[in-house]
file start_37.cif (mmCIF, C-alpha atoms)
data_input
loop_
_atom_site.label_atom_id
_atom_site.label_comp_id
_atom_site.auth_asym_id
_atom_site.auth_seq_id
_atom_site.Cartn_x
_atom_site.Cartn_y
_atom_site.Cartn_z
CA MET A 3 119.05 60.97 102.71
CA ILE A 4 119.42 64.63 101.77
CA ILE A 5 120.76 66.98 104.42
CA SER A 6 120.58 70.73 103.87
CA GLY A 7 122.77 73.61 104.90
CA SER A 8 121.01 76.72 106.20
CA ALA A 9 121.49 78.60 102.91
CA SER A 10 119.93 75.87 100.75
CA ILE A 11 116.78 74.76 102.55
CA SER A 12 114.39 75.64 99.73
CA LEU A 13 116.54 74.00 97.06
CA ALA A 14 117.03 70.89 99.22
CA SER A 15 113.26 70.55 99.59
CA SER A 16 112.79 70.85 95.82
CA LEU A 17 115.56 68.33 95.20
CA SER A 18 113.92 65.89 97.60
CA SER A 19 110.61 66.23 95.75
CA HIS A 20 112.17 65.69 92.32
CA SER A 21 114.52 62.87 93.33
CA LYS A 22 112.16 61.11 95.80
CA ILE A 23 115.07 60.99 98.25
CA PRO A 24 113.99 61.79 101.83
CA LEU A 25 115.03 65.11 103.35
CA GLY A 26 116.52 64.95 106.82
CA LYS A 27 116.32 67.52 109.58
CA THR A 28 119.08 69.68 110.99
CA THR A 29 119.15 71.64 114.22
CA HIS A 30 121.67 74.19 115.49
CA GLN A 31 122.97 74.88 118.96
CA ASN A 32 124.58 78.27 119.56
CA PHE A 33 127.09 78.75 122.36
CA PRO A 34 127.83 81.93 124.35
CA ASP A 35 131.34 82.21 122.87
CA GLY A 36 129.94 82.49 119.34
CA GLU A 37 130.54 78.90 118.30
CA PHE A 38 127.73 76.68 117.02
CA MET A 39 127.14 72.98 116.45
CA VAL A 40 124.81 71.18 114.05
CA GLN A 41 122.91 67.98 114.66
CA THR A 42 121.06 65.87 112.09
CA ASN A 43 118.71 62.89 112.12
CA PHE A 44 120.68 61.23 109.30
CA LYS A 45 120.15 57.52 108.73
CA GLY A 46 121.43 55.39 105.87
CA ASP A 47 124.56 54.72 103.87
CA HIS A 48 124.62 57.59 101.35
CA GLY A 49 124.42 61.14 102.60
CA ILE A 50 123.74 63.93 100.13
CA ILE A 51 124.59 67.33 101.56
CA ILE A 52 123.40 70.38 99.64
CA ALA A 53 124.86 73.58 101.00
CA ALA A 54 125.66 76.89 99.36
CA THR A 55 128.68 78.41 101.08
CA ARG A 56 128.02 82.09 100.58
CA SER A 57 129.49 83.01 103.99
CA ALA A 58 132.27 81.72 106.22
CA SER A 59 129.57 80.48 108.60
CA ASP A 60 127.97 78.50 105.78
CA HIS A 61 131.35 76.94 105.03
CA LEU A 62 131.90 75.92 108.65
CA GLU A 63 128.37 74.52 108.83
CA LEU A 64 129.08 72.35 105.78
CA LEU A 65 132.22 70.92 107.36
CA GLN A 66 130.25 70.07 110.49
CA LEU A 67 127.45 68.46 108.47
CA GLN A 68 129.95 66.28 106.65
CA ASP A 69 131.45 65.11 109.92
CA ALA A 70 128.05 64.63 111.55
CA ILE A 71 126.65 62.28 108.93
CA ARG A 72 129.94 60.37 108.68
CA GLU A 73 129.72 59.93 112.45
CA ALA A 74 126.13 58.74 112.00
CA GLY A 75 127.24 55.92 109.71
CA ALA A 76 127.37 57.32 106.18
CA THR A 77 129.72 55.25 104.03
CA LYS A 78 129.36 57.59 101.06
CA ILE A 79 128.93 61.36 101.05
CA THR A 80 128.06 63.51 98.05
CA THR A 81 128.45 67.23 98.62
CA ILE A 82 126.50 69.57 96.37
CA LEU A 83 127.62 73.19 96.26
CA PRO A 84 124.87 75.23 94.57
CA TYR A 85 127.12 78.23 95.11
CA MET A 86 130.70 78.03 96.33
CA GLY A 87 131.96 81.05 98.18
CA TYR A 88 135.56 82.16 97.57
CA ALA A 89 135.61 80.33 94.21
CA ARG A 90 136.20 83.65 92.44
CA GLN A 91 139.45 84.07 94.36
CA ASP A 92 141.17 81.81 91.86
CA THR A 93 144.09 84.08 90.95
CA VAL A 94 146.93 85.48 93.01
CA PHE A 95 147.41 89.13 92.04
CA GLU A 96 150.09 90.12 94.56
CA PRO A 97 152.79 88.32 96.57
CA GLY A 98 151.54 86.96 99.87
CA GLN A 99 147.94 86.46 98.76
CA PRO A 100 146.27 83.05 99.07
CA LEU A 101 144.59 81.12 96.31
CA SER A 102 141.42 80.98 98.39
CA ALA A 103 139.44 78.83 95.96
CA ARG A 104 142.02 76.09 96.43
CA ALA A 105 142.05 76.44 100.22
CA MET A 106 138.27 76.18 100.48
CA ALA A 107 138.06 73.27 98.06
CA ARG A 108 140.70 71.32 99.94
CA SER A 109 138.86 71.69 103.23
CA ILE A 110 135.54 70.59 101.70
CA GLY A 111 137.18 67.66 99.95
CA THR A 112 138.46 66.15 103.21
CA GLY A 113 134.93 65.34 104.39
CA THR A 114 133.29 63.97 101.27
CA ASP A 115 133.63 61.33 98.58
CA ARG A 116 132.26 63.36 95.69
CA VAL A 117 131.54 67.00 94.89
CA ILE A 118 129.01 68.56 92.53
CA ILE A 119 129.48 72.29 92.09
CA VAL A 120 127.04 74.41 90.10
CA ASN A 121 128.67 76.80 87.64
CA PRO A 122 131.85 77.70 89.47
CA HIS A 123 133.55 80.83 88.19
CA LYS A 124 136.13 78.53 86.58
CA ASN A 125 135.79 74.77 86.21
CA THR A 126 139.44 74.36 87.21
CA VAL A 127 138.34 74.68 90.85
CA CYS A 128 137.23 71.05 90.53
CA ASP A 129 140.89 70.02 90.48
CA TYR A 130 141.44 71.28 94.03
CA PHE A 131 139.04 69.09 96.02
CA GLY A 132 141.18 65.97 96.14
CA VAL A 133 138.12 63.80 95.39
CA PRO A 134 136.07 63.39 92.19
CA ALA A 135 134.38 66.72 91.46
CA ILE A 136 132.26 67.86 88.54
CA ALA A 137 130.85 71.21 87.48
CA LEU A 138 127.16 71.20 86.60
CA ASP A 139 126.14 73.76 83.99
CA ALA A 140 122.71 75.11 84.94
CA SER A 141 122.64 77.85 82.30
CA PRO A 142 120.01 76.18 80.07
CA VAL A 143 117.35 76.61 82.77
CA LEU A 144 117.77 80.38 82.52
CA ALA A 145 115.88 80.30 79.23
CA GLN A 146 112.79 79.28 81.21
CA THR A 147 112.84 82.57 83.10
CA LEU A 148 112.63 84.79 80.03
CA PRO A 149 109.51 86.19 78.32
CA THR A 150 108.41 83.98 75.44
CA ASN A 151 107.93 86.87 72.99
CA LEU A 152 111.39 88.44 72.87
CA GLU A 153 111.93 90.46 69.68
CA ASN A 154 115.05 89.58 67.69
CA PRO A 155 116.85 88.74 70.95
CA LEU A 156 120.56 89.17 71.53
CA PHE A 157 122.16 87.10 74.28
CA LEU A 158 125.16 89.05 75.45
CA ALA A 159 127.99 87.70 77.60
CA PRO A 160 130.13 90.03 79.74
CA ASP A 161 133.36 88.74 78.19
CA ALA A 162 134.71 86.20 75.72
CA GLY A 163 135.16 83.62 78.46
CA ALA A 164 131.43 83.60 79.18
CA ILE A 165 130.21 83.33 75.59
CA SER A 166 129.40 79.65 76.14
CA LEU A 167 126.86 80.71 78.78
CA ALA A 168 125.16 83.08 76.36
CA LYS A 169 125.09 80.41 73.66
CA SER A 170 123.69 77.84 76.09
CA VAL A 171 120.82 80.12 77.10
CA ARG A 172 120.21 81.11 73.47
CA ASP A 173 120.10 77.48 72.37
CA ALA A 174 117.66 76.59 75.14
CA TYR A 175 115.50 79.61 74.28
CA GLY A 176 115.45 78.55 70.63
CA THR A 177 116.25 81.74 68.74
CA GLY A 178 118.50 84.79 68.81
CA ASP A 179 122.09 85.89 68.35
CA THR A 180 125.03 85.90 70.75
CA ASP A 181 127.89 88.30 71.35
CA TYR A 182 130.08 89.54 74.19
CA PHE A 183 131.72 92.60 75.67
CA GLU A 184 135.47 92.84 75.95
CA LYS A 185 136.23 92.81 79.67
CA ASP A 186 139.72 93.16 81.12
CA ARG A 187 140.21 92.57 84.84
CA ILE A 188 142.96 94.93 85.90
CA SER A 189 142.93 93.87 89.56
CA SER A 190 140.72 92.08 92.06
CA THR A 191 138.54 95.20 92.29
CA GLU A 192 138.90 96.97 88.93
CA VAL A 193 137.38 95.91 85.59
CA GLN A 194 137.60 97.73 82.26
CA ILE A 195 134.84 97.21 79.66
CA SER A 196 135.17 97.75 75.92
CA PRO A 197 131.82 97.99 74.06
CA SER A 198 130.73 95.36 71.59
CA THR A 199 130.15 96.54 68.02
CA VAL A 200 126.97 94.51 67.48
CA ASP A 201 123.83 96.44 66.47
CA VAL A 202 121.33 96.43 69.36
CA ALA A 203 118.92 99.14 68.21
CA GLY A 204 115.31 98.06 68.66
CA ARG A 205 116.27 94.63 70.00
CA ASP A 206 115.60 92.81 73.25
CA VAL A 207 118.99 92.22 74.86
CA ILE A 208 119.63 89.61 77.54
CA CYS A 209 122.82 90.04 79.56
CA VAL A 210 123.89 86.54 80.66
CA ASP A 211 126.42 85.90 83.43
CA ASP A 212 127.35 83.24 85.95
CA ILE A 213 127.53 85.52 89.01
CA ILE A 214 126.29 89.04 89.64
CA SER A 215 127.63 90.51 92.86
CA THR A 216 127.79 94.30 93.04
CA GLY A 217 126.28 94.66 89.57
CA THR A 218 128.92 97.21 88.55
CA THR A 219 130.06 95.45 85.37
CA THR A 220 126.52 94.56 84.29
CA SER A 221 125.22 98.07 84.90
CA LYS A 222 128.06 99.57 82.84
CA SER A 223 127.15 97.18 80.02
CA ALA A 224 123.46 98.06 80.34
CA ARG A 225 124.17 101.80 80.04
CA ILE A 226 126.08 101.22 76.82
CA LEU A 227 123.24 99.09 75.45
CA HIS A 228 120.65 101.68 76.47
CA ASP A 229 122.62 104.46 74.77
CA ARG A 230 122.76 102.36 71.62
CA GLY A 231 119.00 102.04 71.43
CA ALA A 232 118.28 98.60 72.88
CA LYS A 233 114.53 98.06 73.15
CA THR A 234 114.58 96.22 76.49
CA ILE A 235 117.47 95.00 78.63
CA PHE A 236 117.08 91.90 80.76
CA VAL A 237 119.66 90.36 83.08
CA THR A 238 119.81 86.66 83.85
CA CYS A 239 122.42 84.78 85.87
CA ILE A 240 123.00 81.53 87.74
CA HIS A 241 124.04 83.08 91.05
CA ALA A 242 122.54 86.42 92.10
CA LEU A 243 124.44 87.80 95.09
CA LEU A 244 123.19 91.34 94.44
CA VAL A 245 125.09 92.90 97.32
CA GLU A 246 125.04 96.51 98.49
CA ASP A 247 122.96 98.66 96.11
CA ALA A 248 123.23 96.32 93.12
CA ARG A 249 119.50 96.26 92.44
CA LYS A 250 119.24 100.05 92.35
CA MET A 251 122.35 100.35 90.22
CA LEU A 252 120.99 97.87 87.68
CA SER A 253 117.59 99.53 87.60
CA ASP A 254 119.12 102.99 87.16
CA SER A 255 121.20 101.71 84.24
CA GLY A 256 118.10 100.67 82.30
CA VAL A 257 117.73 97.00 83.22
CA GLY A 258 114.08 96.04 82.93
CA ALA A 259 114.18 92.81 84.96
CA ILE A 260 116.58 90.42 86.67
CA TYR A 261 116.06 86.65 86.51
CA THR A 262 118.01 84.01 88.41
CA THR A 263 117.95 80.49 89.85
CA ASP A 264 117.57 79.12 93.37
CA THR A 265 121.26 78.40 93.92
CA ILE A 266 120.85 81.50 96.08
CA VAL A 267 117.21 82.31 96.80
CA THR A 268 116.33 85.96 96.18
CA PRO A 269 113.21 87.84 95.09
CA GLU A 270 114.60 87.50 91.56
CA THR A 271 114.61 83.68 91.68
CA LYS A 272 112.39 82.42 88.86
CA VAL A 273 113.51 78.83 88.23
CA SER A 274 114.90 75.87 90.20
CA ILE A 275 117.95 73.80 89.37
CA ALA A 276 116.50 70.86 91.37
CA PRO A 277 115.43 68.88 88.26
CA LEU A 278 118.99 69.06 86.88
CA LEU A 279 120.46 67.90 90.18
CA ALA A 280 117.91 65.09 90.53
CA LYS A 281 118.74 63.84 87.05
CA LEU A 282 122.45 63.92 87.82
CA LEU A 283 122.02 62.04 91.09
#
call {"tool": "encode", "arguments": {"input": "start_37.cif", "output": "structure tokens"}}
result
Amino acid sequence: MIISGSASISLASSLSSHSKIPLGKTTHQNFPDGEFMVQTNFKGDHGIIIAATRSASDHLELLQLQDAIREAGATKITTILPYMGYARQDTVFEPGQPLSARAMARSIGTGTDRVIIVNPHKNTVCDYFGVPAIALDASPVLAQTLPTNLENPLFLAPDAGAISLAKSVRDAYGTGDTDYFEKDRISSTEVQISPSTVDVAGRDVICVDDIISTGTTTSKSARILHDRGAKTIFVTCIHALLVEDARKMLSDSGVGAIYTTDTIVTPETKVSIAPLLAKLL
């Protein structure tokens, strides 16, 4: 049976439809002191929990769901993380800071037998769970979101480390070139971008990334592309957090459209990763 966290209800429903695995129900009880408790109707041996942990509350809910279905008799639990919060905190920049990705993974790993995480910021986070964990690359589905008549498209990654994402989307789309910007992270809050030298004049450019949060880096890239004569600039990503005024910032920088998946459901969601998850299961 599939059990969904509050942040993944739509994706869980799609996964149930594609996998033919029944979707269970979850209710919440809120207490006056701010605590809450989940309750499910889980029955069976194998529980599949799908829960994006965008917030601390989502994370706590996942831990409760794991315990609830184990209490209900599950002998095997698979935890699917469409989006794992705190996974980007995978580097300690100053003494006294935690490696939060490790701390979160360890806590999730205590209540499950297997983890599937969709495009973590770095695949090395899989080593922290303490149980078998794999990273699912959903980038090929991003090609399905794009217009079919792109002109001499260029798939552009934000840095060298993400070039594989750009190539994956390009390969799925079927035509185009790939390149990347030079991006140096100076601190946890400051990023320096060096422009690519590729010719973009008159071309459709697709900025490909795993996560877009504030949109600052992508908007800086888009301005450079616009100044260099790009015909149209599209943005596509696996996880669209789009916090604060990200949408306005991207629009003001010349981005024509934003396309993303349902790992986090937003107005920009154009494609589901459910078929990939169903095939994996």
call {"tool": "resolve_selection", "arguments": {"input": "start_37.cif", "expression": "the PyMOL selection byres ((chain A and resi 212-228) around 8)", "output": "ChimeraX atom specification"}}
result
/A:121-123,160,164,167,183,193,195,197,202,209-211,229-233,235,239-249,251-252,255-257
call {"tool": "resolve_selection", "arguments": {"input": "start_37.cif", "expression": "the PyMOL selection byres ((chain A and resi 3) around 9)", "output": "ChimeraX atom specification"}}
result
/A:4-5,18,23-26,44-51
call {"tool": "resolve_selection", "arguments": {"input": "start_37.cif", "expression": "the PyMOL selection byres ((chain A and resi 147) around 9)", "output": "PyMOL selection string"}}
result
chain A and resi 143-146+148-150+238+261-263+271-273
call {"tool": "closest_residue", "arguments": {"input": "start_37.cif", "among": "A:Val237, A:Gly87, A:Val207, A:Thr114", "to": "Ser102 in chain A", "atoms": "all atoms listed in the file"}}
result
A:Gly87
call {"tool": "closest_residue", "arguments": {"input": "start_37.cif", "among": "A:Phe95, A:Tyr88, A:Phe33, A:Tyr182", "to": "Gly163 in chain A", "atoms": "only C-alpha atoms"}}
result
A:Tyr182
call {"tool": "residues_around", "arguments": {"input": "start_37.cif", "residues": "Leu101 in chain A", "least_positions_apart": "2", "cutoff": "10 Å", "atoms": "all atoms listed in the file", "output": "PyMOL selection string"}}
result
chain A and resi 88-95+98-99+103-106
call {"tool": "atom_distance", "arguments": {"input": "start_37.cif", "atom1": "CA of Asp139 in chain A", "atom2": "CA of Arg56 in chain A"}}
result
18.7 Å
call {"tool": "residues_around", "arguments": {"input": "start_37.cif", "residues": "Pro134 in chain A", "least_positions_apart": "2", "cutoff": "9 Å", "atoms": "all atoms listed in the file", "output": "number ranges by chain"}}
result
A: 111, 115-118, 128-129, 131-132, 136
call {"tool": "closest_residue", "arguments": {"input": "start_37.cif", "among": "A:Ala14, A:Ala203, A:Ala9, A:Val133", "to": "His61 in chain A", "atoms": "all atoms listed in the file"}}
result
A:Ala9
call {"tool": "closest_residue", "arguments": {"input": "start_37.cif", "among": "A:Ala70, A:Ala140, A:Ala76, A:Ile119", "to": "Ala168 in chain A", "atoms": "only C-alpha atoms"}}
result
A:Ala140
call {"tool": "residues_around", "arguments": {"input": "start_37.cif", "residues": "Glu37 in chain A", "least_positions_apart": "6", "cutoff": "12 Å", "atoms": "all atoms listed in the file", "output": "PyMOL selection string"}}
result
chain A and resi 30-31+59+62-63+66
call {"tool": "atom_distance", "arguments": {"input": "start_37.cif", "atom1": "CA of Thr55 in chain A", "atom2": "CA of Ala162 in chain A"}}
result
27.2 Å
call {"tool": "closest_residue", "arguments": {"input": "start_37.cif", "among": "A:Thr265, A:Glu270, A:Met39, A:Ala159", "to": "Leu13 in chain A", "atoms": "all atoms listed in the file"}}
result
A:Thr265
call {"tool": "closest_residue", "arguments": {"input": "start_37.cif", "among": "A:Met86, A:Ala280, A:Val171, A:Val200", "to": "Ile266 in chain A", "atoms": "only C-alpha atoms"}}
result
A:Met86
call {"tool": "atom_distance", "arguments": {"input": "start_37.cif", "atom1": "CA of Lys27 in chain A", "atom2": "CA of Asn43 in chain A"}}
result
5.8 Å
call {"tool": "decode", "arguments": {"input": "start_37.cif", "residues": "range 248-261 of chain A", "atoms": "all heavy atoms", "output": "PDB file, in the first residue's frame"}}
result
ATOM      1  N   ALA A 248      11.061  34.786  -6.524  1.00  0.00           N
ATOM      2  CA  ALA A 248      11.800  34.093  -7.580  1.00  0.00           C
ATOM      3  C   ALA A 248      11.124  34.214  -8.935  1.00  0.00           C
ATOM      4  O   ALA A 248      11.790  34.454  -9.950  1.00  0.00           O
ATOM      5  CB  ALA A 248      11.978  32.620  -7.213  1.00  0.00           C
ATOM      6  N   ARG A 249       9.814  34.057  -8.968  1.00  0.00           N
ATOM      7  CA  ARG A 249       9.104  34.109 -10.246  1.00  0.00           C
ATOM      8  C   ARG A 249       9.272  35.478 -10.914  1.00  0.00           C
ATOM      9  O   ARG A 249       9.526  35.569 -12.108  1.00  0.00           O
ATOM     10  CB  ARG A 249       7.626  33.786 -10.042  1.00  0.00           C
ATOM     11  CG  ARG A 249       7.352  32.323  -9.690  1.00  0.00           C
ATOM     12  CD  ARG A 249       5.877  32.088  -9.399  1.00  0.00           C
ATOM     13  NE  ARG A 249       5.596  30.682  -9.192  1.00  0.00           N
ATOM     14  CZ  ARG A 249       5.735  30.064  -8.014  1.00  0.00           C
ATOM     15  NH1 ARG A 249       6.159  30.754  -6.952  1.00  0.00           N
ATOM     16  NH2 ARG A 249       5.447  28.774  -7.900  1.00  0.00           N
ATOM     17  N   LYS A 250       9.120  36.527 -10.140  1.00  0.00           N
ATOM     18  CA  LYS A 250       9.269  37.880 -10.693  1.00  0.00           C
ATOM     19  C   LYS A 250      10.705  38.113 -11.149  1.00  0.00           C
ATOM     20  O   LYS A 250      10.949  38.701 -12.218  1.00  0.00           O
ATOM     21  CB  LYS A 250       8.863  38.929  -9.664  1.00  0.00           C
ATOM     22  CG  LYS A 250       8.930  40.370 -10.182  1.00  0.00           C
ATOM     23  CD  LYS A 250       8.488  41.357  -9.130  1.00  0.00           C
ATOM     24  CE  LYS A 250       8.434  42.772  -9.690  1.00  0.00           C
ATOM     25  NZ  LYS A 250       9.715  43.217 -10.274  1.00  0.00           N
ATOM     26  N   MET A 251      11.641  37.673 -10.356  1.00  0.00           N
ATOM     27  CA  MET A 251      13.046  37.855 -10.697  1.00  0.00           C
ATOM     28  C   MET A 251      13.383  37.155 -12.016  1.00  0.00           C
ATOM     29  O   MET A 251      14.058  37.721 -12.876  1.00  0.00           O
ATOM     30  CB  MET A 251      13.934  37.305  -9.573  1.00  0.00           C
ATOM     31  CG  MET A 251      15.423  37.544  -9.774  1.00  0.00           C
ATOM     32  SD  MET A 251      16.406  36.744  -8.468  1.00  0.00           S
ATOM     33  CE  MET A 251      15.728  37.548  -7.016  1.00  0.00           C
ATOM     34  N   LEU A 252      12.882  35.946 -12.184  1.00  0.00           N
ATOM     35  CA  LEU A 252      13.153  35.200 -13.406  1.00  0.00           C
ATOM     36  C   LEU A 252      12.477  35.854 -14.608  1.00  0.00           C
ATOM     37  O   LEU A 252      13.059  35.965 -15.683  1.00  0.00           O
ATOM     38  CB  LEU A 252      12.688  33.753 -13.252  1.00  0.00           C
ATOM     39  CG  LEU A 252      13.521  32.898 -12.287  1.00  0.00           C
ATOM     40  CD1 LEU A 252      12.806  31.597 -11.970  1.00  0.00           C
ATOM     41  CD2 LEU A 252      14.897  32.611 -12.877  1.00  0.00           C
ATOM     42  N   SER A 253      11.247  36.301 -14.416  1.00  0.00           N
ATOM     43  CA  SER A 253      10.532  36.959 -15.498  1.00  0.00           C
ATOM     44  C   SER A 253      11.235  38.251 -15.905  1.00  0.00           C
ATOM     45  O   SER A 253      11.410  38.535 -17.098  1.00  0.00           O
ATOM     46  CB  SER A 253       9.090  37.254 -15.077  1.00  0.00           C
ATOM     47  OG  SER A 253       8.400  37.942 -16.092  1.00  0.00           O
ATOM     48  N   ASP A 254      11.655  39.040 -14.922  1.00  0.00           N
ATOM     49  CA  ASP A 254      12.332  40.304 -15.196  1.00  0.00           C
ATOM     50  C   ASP A 254      13.671  40.105 -15.906  1.00  0.00           C
ATOM     51  O   ASP A 254      14.153  41.007 -16.608  1.00  0.00           O
ATOM     52  CB  ASP A 254      12.564  41.085 -13.900  1.00  0.00           C
ATOM     53  CG  ASP A 254      11.268  41.612 -13.291  1.00  0.00           C
ATOM     54  OD1 ASP A 254      10.235  41.585 -13.987  1.00  0.00           O
ATOM     55  OD2 ASP A 254      11.293  42.025 -12.113  1.00  0.00           O
ATOM     56  N   SER A 255      14.269  38.939 -15.726  1.00  0.00           N
ATOM     57  CA  SER A 255      15.576  38.677 -16.332  1.00  0.00           C
ATOM     58  C   SER A 255      15.457  38.162 -17.763  1.00  0.00           C
ATOM     59  O   SER A 255      16.473  37.929 -18.421  1.00  0.00           O
ATOM     60  CB  SER A 255      16.360  37.671 -15.487  1.00  0.00           C
ATOM     61  OG  SER A 255      15.736  36.403 -15.516  1.00  0.00           O
ATOM     62  N   GLY A 256      14.222  37.983 -18.243  1.00  0.00           N
ATOM     63  CA  GLY A 256      14.031  37.567 -19.625  1.00  0.00           C
ATOM     64  C   GLY A 256      13.623  36.129 -19.823  1.00  0.00           C
ATOM     65  O   GLY A 256      13.554  35.659 -20.968  1.00  0.00           O
ATOM     66  N   VAL A 257      13.338  35.415 -18.747  1.00  0.00           N
ATOM     67  CA  VAL A 257      12.901  34.020 -18.868  1.00  0.00           C
ATOM     68  C   VAL A 257      11.478  33.982 -19.411  1.00  0.00           C
ATOM     69  O   VAL A 257      10.567  34.605 -18.859  1.00  0.00           O
ATOM     70  CB  VAL A 257      12.974  33.299 -17.507  1.00  0.00           C
ATOM     71  CG1 VAL A 257      12.324  31.914 -17.588  1.00  0.00           C
ATOM     72  CG2 VAL A 257      14.422  33.186 -17.056  1.00  0.00           C
ATOM     73  N   GLY A 258      11.285  33.227 -20.495  1.00  0.00           N
ATOM     74  CA  GLY A 258       9.982  33.168 -21.126  1.00  0.00           C
ATOM     75  C   GLY A 258       9.011  32.227 -20.449  1.00  0.00           C
ATOM     76  O   GLY A 258       7.796  32.464 -20.436  1.00  0.00           O
ATOM     77  N   ALA A 259       9.523  31.120 -19.866  1.00  0.00           N
ATOM     78  CA  ALA A 259       8.654  30.146 -19.204  1.00  0.00           C
ATOM     79  C   ALA A 259       9.489  29.277 -18.283  1.00  0.00           C
ATOM     80  O   ALA A 259      10.688  29.083 -18.498  1.00  0.00           O
ATOM     81  CB  ALA A 259       7.922  29.289 -20.230  1.00  0.00           C
ATOM     82  N   ILE A 260       8.835  28.754 -17.250  1.00  0.00           N
ATOM     83  CA  ILE A 260       9.462  27.847 -16.296  1.00  0.00           C
ATOM     84  C   ILE A 260       8.700  26.523 -16.345  1.00  0.00           C
ATOM     85  O   ILE A 260       7.471  26.510 -16.286  1.00  0.00           O
ATOM     86  CB  ILE A 260       9.424  28.401 -14.860  1.00  0.00           C
ATOM     87  CG1 ILE A 260      10.046  29.805 -14.806  1.00  0.00           C
ATOM     88  CG2 ILE A 260      10.136  27.461 -13.897  1.00  0.00           C
ATOM     89  CD1 ILE A 260       9.798  30.522 -13.491  1.00  0.00           C
ATOM     90  N   TYR A 261       9.430  25.427 -16.454  1.00  0.00           N
ATOM     91  CA  TYR A 261       8.814  24.104 -16.507  1.00  0.00           C
ATOM     92  C   TYR A 261       9.432  23.224 -15.420  1.00  0.00           C
ATOM     93  O   TYR A 261      10.652  23.220 -15.239  1.00  0.00           O
ATOM     94  CB  TYR A 261       9.043  23.441 -17.865  1.00  0.00           C
ATOM     95  CG  TYR A 261       8.585  24.255 -19.052  1.00  0.00           C
ATOM     96  CD1 TYR A 261       9.515  24.800 -19.940  1.00  0.00           C
ATOM     97  CD2 TYR A 261       7.233  24.475 -19.292  1.00  0.00           C
ATOM     98  CE1 TYR A 261       9.104  25.531 -21.045  1.00  0.00           C
ATOM     99  CE2 TYR A 261       6.816  25.213 -20.391  1.00  0.00           C
ATOM    100  CZ  TYR A 261       7.751  25.735 -21.266  1.00  0.00           C
ATOM    101  OH  TYR A 261       7.339  26.467 -22.353  1.00  0.00           O
TER     102      TYR A 261
END
